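Colleague: This is the structure I want to talk about, given as structure tokens.
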Amino acid sequence: MSFITVKNVWQQYADQVVLEGLNLSVNEGEFCTLVGASGCGKSTFLRLLLGQEKASRGEILLDGQALASEPDSSRGVVFQRYSVFPHLTVLDNVALGLELPRSPLLGRLFGSAKKDAREQASGLLHKVGLGHSLDKYPAQLSGGMQQRLAIAQALIMKPRVLLLDEPFGALDPGIRKDMHHLLLELWRETQLTVFMVTHDLSEGFTLGTRLLVFDKVRVDPHAPGAYGARITYDIPLNSDRRANRAAVDALPAELAGTLRTA
Amino acid sequence: MRLINRHPDRPSRLLLVILPFALVLLAYFLGSAERLTDNPNDKLLPSAVQMTDAVKRLAFVADSRTGEYLLWQDSASSLRRLAIGLGISALAGLCLGMAAGTLPLFGAPLSPLLTVLSMVPPLAILPILFIVFGLGELSKVMLIVIGITPALARDLEQRAREIPVELLIKAQTLGASTWTLMLRVVLPQLLPRLLISLRLMLGSAWLFLIAAEAIASTDGLGYRIFLVRRYLAMDVILPYVVWITLLAWLMDWGLKRLTQRAFPWYEGARA
């Protein structure tokens, strides 16, 4: 059974239809890149997956269960901007994800629990290349570093789904390339299912194992809002990476686990 | 070079800062000297010597009736009222603003209410405060609280709304409940704003304090000024005004330093 199932989803604001008749099934571990013209509903679809909005019609299933209707820790997210907390240091930005669920009253940990959380956070930060700026505030980081931080922050929760809304849109090309490496590396190591909205078609082709193109099939010039976008192309990509993942999946679970963490 | 592109360098900036103050003082003392030569008993523009005498009398000689040093006693009472008033306002404004700005279900009833309340002229309801809370400390503190809480709350509500929704979503994906989200994300981001708001409100707070003291009090800076008004004692009033201004400026400066010290991330994050 597929991991995420989208069944006939429509999204409509007043008389403006944004998405119509969306059907999709995604397996665990796929890396879907979402491309399409501006305003064609890619980000809307991402917000539906995130639980930030509820679909007007249809349903989205995660592992056979209806998707929670508000954001929760099963789905991590990285936005283009404002993904990290300006008032926390790099280390605390990531440690926050460990503190919040464990301390429902104060939202912070103390003593050895706090030390553990910070150690774990610091480990992940070293991995994404932020080991030298643990005590800086986000405003002191470059755009690329901030997005590294945002990714680390999302991954510390070990989400099953990672949603990326044009995460590298504001970065310059060299940095963007580094970020692609980092993202693919992290994707290989974890069992993440990734949905990534991008404006950059080549980025969509390089990163994804599956490219989803959003476009309006029907257009009424007299009523621009009457019809919404559908997924017009669903292209499997980078078959080598897909095959690798499928091969790992075919192994017995225990062995596969050791391979992944290796 | 165009005027808009000309910047003062360090020494000339200092000079430019001092200049207007120096001019005001000069104008005052010239006027004072002129009036005093015409009439040595003139009370309107006392000389520096007369004012120094008055300050010595009030600050360093115990009052013969009460045995208190009036200036310090007045300052202590006024500052206590101000501190209690500002403290309560800050707390109430923060809670109301945060609730109204973060939680739509709280904002719906609170937001219009705060808007209307902030339009009520506080001095117009001062008589009500005296009737309800009596003429003691409570009514003076309440005037400050009622005067500045709605404005503080509205400002903080606005700031809370300005927190990008992405951050609130992100916090939820990190496992925050409404409560921990407010505690760890909204509150820390509003605290520097609260201090800035308080700085802007200091002027109003002093206004309400002095108004309340002028009408019903037995001590305090405002009380003293309005008491000696009967004797045209400008030699007391003017130093008191300067002293109040100095205290207000020091509070403003202190809050500014506190903002910089306690929230080093704030300036950078705003850019």
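Chain lettering (A, B, ...) mirrors the order of the structure tokens, residue numbering begins at 1 for each chain separately, and ligand numbering begins at 1 in order of display.
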Select all residues from chain B having any atom no more than 9 Å from an atom of chain A (counting only C-alpha atoms, ignoring ligands), output as a ChimeraX atom specification.
Modeller: /B:164-167,169-177,179-181,183-185,188-189,263-266,268-271
Colleague: How would the residues just picked look written out with C-alpha atoms as a PDB file, in the first residue's frame?
Modeller:
```pdb
ATOM      1  CA  PRO B 164       5.695  35.264  10.497  1.00  0.00           C
ATOM      2  CA  VAL B 165       3.142  32.474  10.368  1.00  0.00           C
ATOM      3  CA  GLU B 166       5.959  30.231   9.131  1.00  0.00           C
ATOM      4  CA  LEU B 167       7.522  30.364  12.580  1.00  0.00           C
ATOM      5  CA  ILE B 169       3.854  26.454  11.833  1.00  0.00           C
ATOM      6  CA  LYS B 170       7.459  25.437  12.279  1.00  0.00           C
ATOM      7  CA  ALA B 171       7.064  25.365  16.048  1.00  0.00           C
ATOM      8  CA  GLN B 172       4.044  23.087  15.666  1.00  0.00           C
ATOM      9  CA  THR B 173       6.032  20.702  13.496  1.00  0.00           C
ATOM     10  CA  LEU B 174       8.613  20.686  16.289  1.00  0.00           C
ATOM     11  CA  GLY B 175       5.964  19.384  18.655  1.00  0.00           C
ATOM     12  CA  ALA B 176       4.816  22.572  20.352  1.00  0.00           C
ATOM     13  CA  SER B 177       1.403  22.841  21.963  1.00  0.00           C
ATOM     14  CA  TRP B 179       0.977  26.863  25.419  1.00  0.00           C
ATOM     15  CA  THR B 180       4.602  25.948  24.781  1.00  0.00           C
ATOM     16  CA  LEU B 181       4.483  27.740  21.447  1.00  0.00           C
ATOM     17  CA  LEU B 183       5.992  30.387  25.956  1.00  0.00           C
ATOM     18  CA  ARG B 184       9.006  29.591  23.815  1.00  0.00           C
ATOM     19  CA  VAL B 185       8.334  31.339  20.524  1.00  0.00           C
ATOM     20  CA  PRO B 188      10.572  35.766  23.854  1.00  0.00           C
ATOM     21  CA  GLN B 189      10.010  37.583  20.585  1.00  0.00           C
ATOM     22  CA  PHE B 263      18.069  40.565  23.654  1.00  0.00           C
ATOM     23  CA  PRO B 264      21.271  40.669  21.628  1.00  0.00           C
ATOM     24  CA  TRP B 265      19.513  38.913  18.742  1.00  0.00           C
ATOM     25  CA  TYR B 266      16.850  41.585  18.418  1.00  0.00           C
ATOM     26  CA  GLY B 268      20.039  41.966  13.915  1.00  0.00           C
ATOM     27  CA  ALA B 269      16.890  39.937  13.475  1.00  0.00           C
ATOM     28  CA  ARG B 270      14.870  42.988  12.563  1.00  0.00           C
ATOM     29  CA  ALA B 271      17.048  43.864   9.605  1.00  0.00           C
TER      30      ALA B 271
END
```
Colleague: Hey, which bits of stretch 152-174 of chain B sit within 12 Å of stretch 194-201 of chain B, and for each residue what's the closest pair of atoms and how far apart in Å (one decimal), counting only C-alpha atoms, rows by chain and increasing number, as JSON lines?
Modeller:
```
{"residue": "B:Leu152", "atom": "CA", "partner": "B:Ser197", "partner_atom": "CA", "distance": 6.4}
{"residue": "B:Ala153", "atom": "CA", "partner": "B:Leu194", "partner_atom": "CA", "distance": 9.2}
{"residue": "B:Arg154", "atom": "CA", "partner": "B:Ser197", "partner_atom": "CA", "distance": 10.2}
{"residue": "B:Asp155", "atom": "CA", "partner": "B:Ser197", "partner_atom": "CA", "distance": 7.3}
{"residue": "B:Leu156", "atom": "CA", "partner": "B:Leu194", "partner_atom": "CA", "distance": 6.8}
{"residue": "B:Glu157", "atom": "CA", "partner": "B:Leu194", "partner_atom": "CA", "distance": 10.6}
{"residue": "B:Gln158", "atom": "CA", "partner": "B:Leu194", "partner_atom": "CA", "distance": 11.5}
{"residue": "B:Arg159", "atom": "CA", "partner": "B:Leu194", "partner_atom": "CA", "distance": 9.4}
{"residue": "B:Ala160", "atom": "CA", "partner": "B:Leu194", "partner_atom": "CA", "distance": 10.8}
```
Colleague: Do you have, as JSON lines, the list of residues of stretch 155-220 of chain A lying at most 9 Å from stretch 236-244 of chain A, each with its nearest atom pair and that distance in Å to one decimal, counting only C-alpha atoms and ordered by chain then number?
Modeller:
```
{"residue": "A:Arg188", "atom": "CA", "partner": "A:Arg241", "partner_atom": "CA", "distance": 8.8}
{"residue": "A:Phe205", "atom": "CA", "partner": "A:Leu237", "partner_atom": "CA", "distance": 7.0}
{"residue": "A:Thr206", "atom": "CA", "partner": "A:Asn238", "partner_atom": "CA", "distance": 7.6}
{"residue": "A:Leu207", "atom": "CA", "partner": "A:Asn238", "partner_atom": "CA", "distance": 8.1}
{"residue": "A:Gly208", "atom": "CA", "partner": "A:Leu237", "partner_atom": "CA", "distance": 6.4}
{"residue": "A:Thr209", "atom": "CA", "partner": "A:Leu237", "partner_atom": "CA", "distance": 4.5}
{"residue": "A:Arg210", "atom": "CA", "partner": "A:Pro236", "partner_atom": "CA", "distance": 4.4}
{"residue": "A:Leu211", "atom": "CA", "partner": "A:Pro236", "partner_atom": "CA", "distance": 6.4}
{"residue": "A:Leu212", "atom": "CA", "partner": "A:Pro236", "partner_atom": "CA", "distance": 8.9}
```
Colleague: Keeping only C-alpha atoms, write those residues as an mmCIF file, in the first residue's frame.
Modeller:
```
data_model
loop_
_atom_site.group_PDB
_atom_site.id
_atom_site.type_symbol
_atom_site.label_atom_id
_atom_site.label_comp_id
_atom_site.auth_asym_id
_atom_site.auth_seq_id
_atom_site.Cartn_x
_atom_site.Cartn_y
_atom_site.Cartn_z
ATOM 1 C CA ARG A 188 19.857 8.673 1.489
ATOM 2 C CA PHE A 205 15.121 17.043 -12.338
ATOM 3 C CA THR A 206 18.414 16.608 -10.453
ATOM 4 C CA LEU A 207 17.026 16.000 -7.014
ATOM 5 C CA GLY A 208 13.782 14.136 -7.455
ATOM 6 C CA THR A 209 13.022 10.510 -7.987
ATOM 7 C CA ARG A 210 9.703 11.727 -9.244
ATOM 8 C CA LEU A 211 8.787 15.007 -10.869
ATOM 9 C CA LEU A 212 5.229 16.272 -10.576
#
```
Colleague: With DSSP run on the backbone, what are the alpha helix (DSSP H) residues within stretch 3-65 of chain B? I'd like them as JSON, numbers by chain.
Modeller: {"B": [10, 11, 12, 13, 14, 15, 16, 17, 18, 19, 20, 21, 22, 23, 24, 25, 26, 27, 28, 29, 30, 31, 32, 33, 34, 35, 36, 37, 38, 48, 49, 50, 51, 52, 53, 54, 55, 56, 57, 58, 59, 60]}
Colleague: Using only C-alpha atoms, pick whichever of A:Phe110, A:Val128, A:Asn23, A:Lys7 has the shortest atom-to-atom distance to A:Ile60.
Modeller: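 Result for the nearest residue to A:Ile60: A:Lys7.
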